[in-house]
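A.B. asks: Structure file protein_38.txt (compact mmCIF, C-alpha atoms) right here:
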```txt
# COMPACT_ATOMS: atom_id res chain seq x y z
CA MET A 1 253.15 120.16 99.52
CA LYS A 2 250.95 117.23 100.59
CA ARG A 3 249.33 117.33 97.16
CA TYR A 4 252.66 116.54 95.49
CA LEU A 5 253.95 114.04 98.04
CA PRO A 6 252.36 110.94 96.40
CA PHE A 7 254.00 111.91 93.08
CA VAL A 8 257.37 112.09 94.85
CA ILE A 9 256.83 108.73 96.59
CA VAL A 10 255.72 106.97 93.40
CA ALA A 11 258.61 108.48 91.43
CA LEU A 12 261.10 107.41 94.10
CA VAL A 13 259.74 103.84 94.11
CA ALA A 14 259.85 103.75 90.29
CA LEU A 15 263.49 104.89 90.36
CA ALA A 16 264.37 102.42 93.10
CA THR A 17 262.71 99.57 91.15
CA ILE A 18 264.47 100.45 87.89
CA GLY A 19 267.78 101.00 89.67
CA SER A 20 267.72 97.79 91.68
CA GLY A 21 266.43 95.83 88.68
CA ALA A 22 269.24 97.20 86.50
CA MET A 23 271.87 96.45 89.14
CA LEU A 24 270.58 92.92 89.61
CA TYR A 25 270.44 92.44 85.84
CA ARG A 26 274.04 93.60 85.40
CA ALA A 27 275.22 91.38 88.24
CA ARG A 28 273.37 88.33 87.00
CA ARG A 29 273.70 88.67 83.27
CA PRO A 30 276.33 86.19 82.12
CA HIS A 31 278.97 87.78 79.93
CA VAL A 32 279.49 84.90 77.57
CA LEU A 33 282.14 85.38 74.93
CA SER A 34 281.92 84.21 71.35
CA ILE A 35 283.87 81.04 70.71
CA PRO A 36 287.25 82.19 69.36
CA GLU A 37 288.69 80.73 66.15
CA ASN A 38 291.25 78.61 67.99
CA LYS A 39 288.50 76.96 69.99
CA THR A 40 286.14 76.10 67.16
CA LEU A 41 285.25 72.49 66.46
CA SER A 42 287.75 71.91 63.67
CA ALA A 43 290.63 72.93 65.89
CA LYS A 44 290.13 70.01 68.26
CA SER A 45 292.19 66.84 68.18
CA ASP A 46 290.46 63.46 67.82
CA ALA A 47 290.87 62.64 71.51
CA ASP A 48 288.99 65.79 72.45
CA ALA A 49 286.58 65.60 69.52
CA PRO A 50 283.28 67.03 70.65
CA HIS A 51 280.09 65.01 70.71
CA ILE A 52 278.29 65.89 67.50
CA ARG A 53 274.85 64.75 66.37
CA GLY A 54 273.44 65.45 62.94
CA ASN A 55 275.00 66.28 59.60
CA PRO A 56 278.71 67.04 60.21
CA ASP A 57 278.63 69.51 57.29
CA ALA A 58 275.44 71.28 58.40
CA PRO A 59 275.47 75.05 57.88
CA VAL A 60 274.34 75.69 61.45
CA THR A 61 275.96 74.36 64.62
CA LEU A 62 274.13 74.55 67.90
CA GLU A 63 276.59 74.04 70.73
CA GLU A 64 275.20 73.39 74.19
CA TYR A 65 276.96 73.56 77.53
CA GLY A 66 274.72 71.43 79.66
CA ASP A 67 274.33 69.87 83.07
CA PHE A 68 272.48 66.55 83.12
CA GLN A 69 270.81 67.34 86.45
CA CYS A 70 269.59 70.81 85.51
CA PRO A 71 265.82 70.76 84.82
CA PRO A 72 265.92 73.53 82.16
CA CYS A 73 268.56 71.44 80.34
CA GLY A 74 266.16 68.50 80.55
CA MET A 75 263.38 70.57 79.03
CA PHE A 76 265.77 71.87 76.41
CA ALA A 77 266.76 68.27 75.52
CA THR A 78 263.13 67.55 74.64
CA PHE A 79 262.95 70.68 72.50
CA LEU A 80 266.28 69.82 70.91
CA GLY A 81 264.74 66.65 69.50
CA GLN A 82 262.06 68.74 67.81
CA LEU A 83 264.66 71.13 66.43
CA GLU A 84 266.71 68.28 64.99
CA ASN A 85 263.63 66.93 63.22
CA GLU A 86 262.66 70.37 61.92
CA TYR A 87 266.04 71.39 60.59
CA ASP A 88 267.27 67.89 59.71
CA SER A 89 270.52 68.09 57.70
CA ARG A 90 270.79 71.86 58.17
CA LEU A 91 271.60 71.55 61.87
CA ARG A 92 274.28 69.80 63.82
CA VAL A 93 274.26 69.68 67.59
CA VAL A 94 277.30 69.69 69.84
CA PHE A 95 277.13 68.86 73.53
CA ARG A 96 279.69 69.84 76.13
CA ASN A 97 279.60 69.04 79.82
CA PHE A 98 279.20 71.83 82.30
CA PRO A 99 278.16 70.11 85.54
CA LEU A 100 277.25 72.67 88.19
CA THR A 101 278.52 72.02 91.70
CA MET A 102 275.09 72.81 93.15
CA HIS A 103 273.76 69.62 91.56
CA GLU A 104 274.76 66.63 93.63
CA HIS A 105 274.87 64.03 90.86
CA ALA A 106 275.60 66.21 87.83
CA ARG A 107 279.30 65.40 87.62
CA GLU A 108 278.66 61.67 87.99
CA ALA A 109 276.06 61.87 85.24
CA ALA A 110 278.57 63.64 82.99
CA LEU A 111 281.09 60.87 83.71
CA ALA A 112 278.43 58.28 82.83
CA ALA A 113 277.73 60.00 79.52
CA GLU A 114 281.43 60.19 78.71
CA ALA A 115 281.93 56.55 79.72
CA ALA A 116 279.12 55.63 77.33
CA GLY A 117 280.84 57.81 74.73
CA LEU A 118 283.94 55.61 74.97
CA GLN A 119 281.73 52.81 73.65
CA GLY A 120 280.25 55.06 70.97
CA ARG A 121 276.95 55.59 72.75
CA PHE A 122 277.28 59.10 74.16
CA TRP A 123 274.04 60.40 72.67
CA GLU A 124 272.06 57.35 73.73
CA MET A 125 273.18 57.92 77.32
CA HIS A 126 272.60 61.68 76.93
CA ASP A 127 269.00 61.00 75.95
CA VAL A 128 268.39 58.46 78.73
CA LEU A 129 269.89 60.73 81.38
CA TYR A 130 267.65 63.62 80.42
CA ARG A 131 264.58 61.41 79.97
CA GLU A 132 265.09 59.83 83.39
CA GLN A 133 266.42 62.97 85.06
CA GLU A 134 263.64 63.19 87.58
CA THR A 135 264.22 59.61 88.72
CA TRP A 136 267.98 59.59 89.18
CA SER A 137 268.20 63.16 90.49
CA LYS A 138 266.43 62.07 93.66
CA ALA A 139 267.98 58.61 93.92
CA PRO A 140 270.36 57.88 96.79
CA ASN A 141 272.55 55.58 94.69
CA VAL A 142 272.78 56.97 91.19
CA ARG A 143 275.57 54.61 90.18
CA GLU A 144 273.21 51.64 90.17
CA LEU A 145 270.75 53.53 87.99
CA PHE A 146 273.46 54.68 85.57
CA GLU A 147 274.67 51.09 85.27
CA SER A 148 271.14 49.94 84.55
CA TYR A 149 270.86 52.63 81.85
CA ALA A 150 274.18 51.44 80.43
CA GLY A 151 272.76 47.93 80.19
CA THR A 152 269.57 49.22 78.59
CA ILE A 153 271.39 51.02 75.80
CA GLY A 154 273.51 47.97 75.09
CA LEU A 155 276.83 48.90 76.65
CA ASP A 156 279.36 46.51 78.07
CA VAL A 157 278.47 47.27 81.70
CA ASP A 158 281.77 46.05 83.16
CA LYS A 159 283.73 48.31 80.85
CA PHE A 160 281.29 51.14 81.57
CA LYS A 161 281.86 50.78 85.34
CA LYS A 162 285.62 50.77 84.85
CA ASP A 163 285.52 53.75 82.49
CA MET A 164 283.38 55.79 84.86
CA ASP A 165 286.18 55.61 87.41
CA GLY A 166 288.89 56.13 84.81
CA GLU A 167 290.99 59.23 84.34
CA GLN A 168 290.04 59.60 80.68
CA VAL A 169 286.41 60.50 81.31
CA LYS A 170 287.30 62.73 84.28
CA ALA A 171 289.80 64.62 82.14
CA ARG A 172 287.24 64.98 79.38
CA VAL A 173 284.55 66.39 81.68
CA GLU A 174 287.09 68.72 83.29
CA ALA A 175 288.31 69.92 79.88
CA ASP A 176 284.74 70.77 78.84
CA ARG A 177 284.12 72.56 82.13
CA GLN A 178 287.32 74.60 81.84
CA ARG A 179 286.52 75.46 78.25
CA GLY A 180 283.10 76.67 79.38
CA GLN A 181 284.61 78.70 82.21
CA SER A 182 287.06 80.35 79.82
CA LEU A 183 284.04 81.47 77.79
CA GLY A 184 282.43 83.00 80.88
CA ILE A 185 279.68 80.42 81.25
CA GLN A 186 277.92 80.42 84.61
CA ILE A 187 274.55 78.88 83.93
CA THR A 188 273.14 75.96 82.01
CA PRO A 189 272.05 75.44 79.37
CA THR A 190 274.25 77.99 77.62
CA LEU A 191 273.87 77.84 73.87
CA PHE A 192 276.00 78.99 70.97
CA ILE A 193 274.77 79.17 67.41
CA ASN A 194 277.63 79.15 64.93
CA ASN A 195 279.99 80.13 67.76
CA GLN A 196 277.90 83.14 68.81
CA PRO A 197 276.33 83.02 72.29
CA LEU A 198 272.55 83.01 72.34
CA ASP A 199 271.19 85.97 74.27
CA PRO A 200 269.46 84.66 77.43
CA LYS A 201 266.29 86.48 76.44
CA ASP A 202 266.19 84.34 73.29
CA LYS A 203 266.51 81.10 75.24
CA ASN A 204 263.01 80.00 74.32
CA PRO A 205 261.64 78.03 71.35
CA GLU A 206 260.79 81.13 69.27
CA GLY A 207 264.11 82.82 70.04
CA ILE A 208 266.19 79.75 69.24
CA ARG A 209 264.35 79.13 65.97
CA ALA A 210 264.78 82.79 64.99
CA GLU A 211 268.53 82.63 65.66
CA ILE A 212 268.92 79.39 63.71
CA ASN A 213 266.96 80.86 60.79
CA ALA A 214 269.12 83.99 60.88
CA ALA A 215 272.27 81.86 60.88
CA LEU A 216 270.93 79.83 57.95
CA GLU A 217 270.13 82.99 56.03
CA LYS A 218 273.58 84.38 56.73
CA LYS A 219 275.16 81.17 55.41
CA THR A 220 273.00 81.31 52.27
CA GLN A 221 274.12 84.86 51.55
CA THR A 222 277.84 84.08 51.93
CA MET B 1 238.65 105.89 114.43
CA THR B 2 236.75 107.56 111.59
CA VAL B 3 235.82 105.65 108.46
CA SER B 4 237.98 108.00 106.43
CA ARG B 5 241.02 107.32 108.59
CA PHE B 6 240.40 103.56 108.43
CA ARG B 7 240.32 103.74 104.62
CA THR B 8 243.57 105.68 104.57
CA ILE B 9 245.24 103.05 106.76
CA ILE B 10 244.03 100.31 104.41
CA TYR B 11 245.47 102.18 101.40
CA ILE B 12 248.80 102.62 103.19
CA VAL B 13 248.92 98.91 104.09
CA ALA B 14 247.97 98.04 100.49
CA ALA B 15 250.83 100.23 99.23
CA ILE B 16 253.31 98.49 101.56
CA VAL B 17 252.04 95.02 100.57
CA SER B 18 252.33 96.04 96.89
CA LEU B 19 255.97 96.98 97.51
CA ALA B 20 256.65 93.41 98.69
CA GLY B 21 255.02 92.09 95.52
CA LEU B 22 256.98 94.59 93.45
CA ALA B 23 260.28 93.36 94.93
CA ASP B 24 259.32 89.74 94.25
CA SER B 25 258.24 90.38 90.65
CA THR B 26 261.34 92.52 89.98
CA TYR B 27 263.54 89.63 91.10
CA LEU B 28 261.60 87.15 88.96
CA SER B 29 261.69 89.50 85.94
CA VAL B 30 265.45 89.90 86.17
CA GLN B 31 265.79 86.17 86.58
CA ALA B 32 263.70 85.57 83.46
CA LEU B 33 265.55 88.20 81.40
CA THR B 34 269.00 86.91 82.30
CA GLY B 35 268.04 83.29 81.76
CA GLU B 36 269.13 82.67 85.35
CA THR B 37 266.72 79.80 85.85
CA LEU B 38 269.13 78.17 88.26
CA GLY B 39 269.21 80.74 91.04
CA CYS B 40 265.99 79.47 92.52
CA GLY B 41 267.12 77.93 95.77
CA GLY B 42 267.96 74.65 94.07
CA SER B 43 264.34 73.52 93.95
CA PRO B 44 263.50 71.50 90.82
CA ASP B 45 259.86 72.56 91.19
CA CYS B 46 260.88 76.18 90.84
CA PHE B 47 262.80 75.35 87.68
CA ARG B 48 259.83 73.51 86.28
CA VAL B 49 257.49 76.44 86.81
CA LEU B 50 259.79 79.28 85.76
CA GLY B 51 261.12 77.40 82.77
CA SER B 52 257.70 76.30 81.53
CA PRO B 53 255.93 77.80 78.50
CA TYR B 54 253.34 79.23 80.93
CA ALA B 55 256.02 81.52 82.38
CA ARG B 56 255.90 83.67 79.22
CA ILE B 57 253.10 85.29 77.23
CA GLY B 58 254.06 86.14 73.67
CA GLY B 59 257.72 85.80 74.66
CA ILE B 60 257.34 88.28 77.53
CA PRO B 61 257.99 86.90 81.02
CA VAL B 62 254.79 86.76 83.12
CA ALA B 63 256.86 88.30 85.95
CA LEU B 64 257.14 91.52 83.92
CA PHE B 65 253.36 91.77 83.79
CA GLY B 66 253.41 91.21 87.56
CA LEU B 67 255.94 94.00 87.97
CA VAL B 68 253.73 96.43 86.07
CA ALA B 69 250.65 95.27 88.02
CA TYR B 70 252.29 95.66 91.44
CA PHE B 71 253.71 99.04 90.52
CA SER B 72 250.25 100.17 89.37
CA ALA B 73 248.67 98.84 92.58
CA PHE B 74 251.34 100.62 94.64
CA SER B 75 250.82 103.91 92.78
CA PHE B 76 247.03 103.77 93.00
CA ALA B 77 247.11 102.85 96.70
CA THR B 78 249.56 105.68 97.44
CA PHE B 79 247.49 108.25 95.59
CA ALA B 80 244.34 106.89 97.20
CA ALA B 81 245.92 107.25 100.65
CA PHE B 82 246.51 110.91 99.85
CA GLY B 83 242.87 111.34 98.91
CA TYR B 84 242.97 111.12 95.12
CA ALA B 85 239.52 109.84 94.14
CA ARG B 86 240.47 108.61 90.66
CA ALA B 87 243.19 106.40 92.10
CA ARG B 88 240.56 104.61 94.18
CA ILE B 89 238.54 103.95 91.05
CA PHE B 90 241.54 102.32 89.36
CA LEU B 91 242.83 100.41 92.39
CA ILE B 92 239.95 97.97 92.70
CA PRO B 93 239.87 96.72 89.06
CA THR B 94 243.69 96.49 89.05
CA ILE B 95 243.70 94.26 92.11
CA GLY B 96 240.72 92.35 90.70
CA ALA B 97 242.66 91.60 87.51
CA MET B 98 245.71 90.60 89.54
CA PHE B 99 243.53 88.26 91.61
CA LEU B 100 242.16 86.55 88.49
CA GLY B 101 245.67 86.26 87.01
CA THR B 102 246.89 84.74 90.24
CA LEU B 103 244.08 82.16 90.23
CA TRP B 104 245.10 81.13 86.70
CA LEU B 105 248.77 80.84 87.68
CA LEU B 106 247.90 78.76 90.73
CA TYR B 107 245.77 76.49 88.53
CA VAL B 108 248.71 76.09 86.11
CA GLN B 109 251.06 75.17 88.95
CA ALA B 110 248.65 72.79 90.68
CA PHE B 111 247.00 71.01 87.75
CA LEU B 112 249.17 71.46 84.67
CA LEU B 113 252.72 71.55 85.97
CA HIS B 114 252.21 69.74 89.29
CA ALA B 115 254.95 71.92 90.72
CA TYR B 116 255.01 75.07 92.81
CA CYS B 117 257.50 77.92 92.71
CA ARG B 118 257.89 79.61 96.07
CA PHE B 119 258.40 83.06 94.54
CA CYS B 120 255.12 82.61 92.66
CA LEU B 121 253.38 81.45 95.84
CA PHE B 122 254.69 84.52 97.65
CA SER B 123 253.28 86.68 94.88
CA ALA B 124 249.95 84.83 95.12
CA ALA B 125 249.84 85.43 98.88
CA THR B 126 250.58 89.13 98.30
CA THR B 127 247.77 89.43 95.76
CA PHE B 128 245.32 87.61 98.04
CA LEU B 129 246.26 90.00 100.84
CA LEU B 130 245.68 92.98 98.54
CA ALA B 131 242.32 91.54 97.51
CA GLY B 132 241.43 91.08 101.18
CA LEU B 133 242.36 94.69 101.93
CA VAL B 134 240.23 95.96 99.05
CA ILE B 135 237.29 93.86 100.26
CA ALA B 136 237.80 95.27 103.76
CA LEU B 137 237.44 98.85 102.45
CA PRO B 138 234.32 100.38 103.97
CA ALA B 139 231.70 101.39 101.43
CA GLY B 140 230.84 105.03 100.88
CA ARG B 141 232.70 108.20 99.98
CA ASP B 142 235.07 110.36 101.95
CA ARG B 143 237.01 113.56 101.47
CA SER B 144 238.94 113.48 98.25
CA ILE B 145 241.16 115.31 95.77
CA SER B 146 239.82 114.79 92.28
```
Please lay out the structure from this file as structure tokens.
C.D. replies:
Amino acid sequence: MKRYLPFVIVALVALATIGSGAMLYRARRPHVLSIPENKTLSAKSDADAPHIRGNPDAPVTLEEYGDFQCPPCGMFATFLGQLENEYDSRLRVVFRNFPLTMHEHAREAALAAEAAGLQGRFWEMHDVLYREQETWSKAPNVRELFESYAGTIGLDVDKFKKDMDGEQVKARVEADRQRGQSLGIQITPTLFINNQPLDPKDKNPEGIRAEINAALEKKTQT
Amino acid sequence: MTVSRFRTIIYIVAAIVSLAGLADSTYLSVQALTGETLGCGGSPDCFRVLGSPYARIGGIPVALFGLVAYFSAFSFATFAAFGYARARIFLIPTIGAMFLGTLWLLYVQAFLLHAYCRFCLFSAATTFLLAGLVIALPAGRDRSIS
């Protein structure tokens, strides 16, 4: 019996590891839905028009639900720049706010980006916020920093301050967040390529490129 | 206490320590596979490490390699504790390889990323402990099942 005991112990540990890993995976894996037809970009009114960068008629749309204080989103923002250069007119990027409550300044950063958007500089603020993420994330008074960023990118700072406290930007951020929640989003960045959620295991440079290439190929065939 | 008994105790302790490493690497593997880079205690350093290109080799999360390594160490230590001679032969190089891998990952965290992930540090401590146990094994042969 003693001869077989180690086999039993090792088998039990293997089963326990696989079982607990599978349970944890099922509990953690976000069940993100595809974006339904009535929620695609063209269905939005001008007031809710999403923030788009790149060729509006590009065959591939990469839609990101992001949190300005989330470090992986910051790293993704750097990679996004590379992707935009690589794919040029074949890719358009859409950003939607999904500030996580665990990040102290994320919502305020989203409001700052939307306030900049009211002056037509959403993407400039988007880029500054991610570039300076490490600085403002730890700052006690982020407002001052956001206002300095607003000045740097050429915004009317007084209007920016007023807009940041306005209902319009709050409603916009909340609308994005609710839209994300309705799609089952729990983590950031969550990415969609042509309305299909990117599998978390593909959330790396190779995986994203492969999905974009597949989407391009699909478009070429149709 | 006989030398043979002392060795058995070391193998049992090594198996228990490997279980702790196995739990840690299982958690990190699941985290990597689900893309759950946020459930890391809110530490930006953790995000920086686990989201870095060094956290994957050929697209496979490093934590998965850790899971396989800890499971192997656990299995070899368990078999060794029950007197299987071949398991003892495999245990030492396995832990040696884990030790070298851990040194590389610590170097990456300290000098390339300038950030530490506490789950990775826990794993490093576990591997160092395993290495210490292997070093503490008395030399020589004892009763064995081949």
A.B. asks: Using all atoms listed in the file, I'd like every residue of chain A that has an atom within 10 Å of chain B; please write them out as JSON, numbers by chain.
C.D. replies: {"A": [2, 3, 4, 5, 6, 7, 9, 10, 11, 13, 14, 17, 18, 20, 21, 22, 23, 24, 25, 26, 27, 28, 29, 30, 69, 70, 71, 72, 73, 74, 75, 76, 100, 102, 103, 134, 137, 186, 187, 188, 189, 190, 199, 200, 201, 202, 203, 204, 205, 206, 207]}
A.B. asks: Given the choices A:Ala139, A:Ala106, A:Val128, A:Ala215, which gets closest to Gly151 in chain A if the distance is worked out from all atoms listed in the file?
C.D. replies: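 So, comparing all the options, the nearest one is A:Val128.
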A.B. asks: For each of A:Gly120, A:Asp176, A:Glu63, A:Glu86, take the minimum atom-to-atom distance to Ser34 in chain A, counting only C-alpha atoms, then give the residue where this is smallest.
C.D. replies: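 Checking each of A:Gly120, A:Asp176, A:Glu63, A:Glu86 against Ser34 in chain A, counting only C-alpha atoms, the winner is A:Glu63.
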A.B. asks: Counting all atoms listed in the file, which residue out of A:Ala175, A:Ile185, A:Asp163, A:Ala109 sits closest to Tyr149 in chain A?
C.D. replies: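 For Tyr149 in chain A, the nearest of the candidates is A:Ala109.
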A.B. asks: Tell me which of A:Thr220, A:Ser182, A:Gln196, A:Asn85 sits closest to Phe98 in chain A, counting only C-alpha atoms.
C.D. replies: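 Distance minimum relative to Phe98 in chain A lands on A:Ser182.
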A.B. asks: Within 10 Å of Glu84 in chain A, counting only C-alpha atoms, which residues show up once you throw out same-chain ones fewer than 6 positions away? Write them as a VMD selection string, please.
C.D. replies: chain A and resid 53 to 54 90 to 93
A.B. asks: If you count only C-alpha atoms, which residues fall within 7 Å of range 90-103 of chain B, apart from same-chain ones fewer than 5 positions away, as a list in words?
C.D. replies: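 Returned residues: Ala69, Ala73, Phe76, Ala77, Ala124, Thr127, Phe128, Leu130, Ala131 and Val134 of chain B.
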A.B. asks: Need the shell around range 119-123 of chain B: protein/DNA/RNA residues with any atom at most 8 Å away, counting only C-alpha atoms. Skip same-chain ones fewer than 6 positions apart. Format as a PDB file with C-alpha atoms, in the coordinates of the input?
C.D. replies:
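Output below, filename out06.pdb:
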```
ATOM      1  CA  GLY B  21     255.020  92.090  95.520  1.00  0.00           C
ATOM      2  CA  ASP B  24     259.320  89.740  94.250  1.00  0.00           C
ATOM      3  CA  SER B  25     258.240  90.380  90.650  1.00  0.00           C
ATOM      4  CA  LEU B  28     261.600  87.150  88.960  1.00  0.00           C
ATOM      5  CA  LEU B 106     247.900  78.760  90.730  1.00  0.00           C
TER       6      LEU B 106
END
```
A.B. asks: So how far away is CA of Asn194 in chain A from CA of Glu217 in chain A, in Å?
C.D. replies: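 Interatomic distance here is 12.3 Å.
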A.B. asks: Quick one: residues within 12 Å of Gln178 in chain A, only C-alpha atoms, excluding same-chain residues fewer than 5 positions away - as a list in words?
C.D. replies: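 Near Gln178 in chain A, the qualifying residues are Tyr65, Arg96, Asn97, Phe98, Pro99, Ala171, Arg172, Val173, Leu183, Gly184, Ile185 and Gln186 of chain A.
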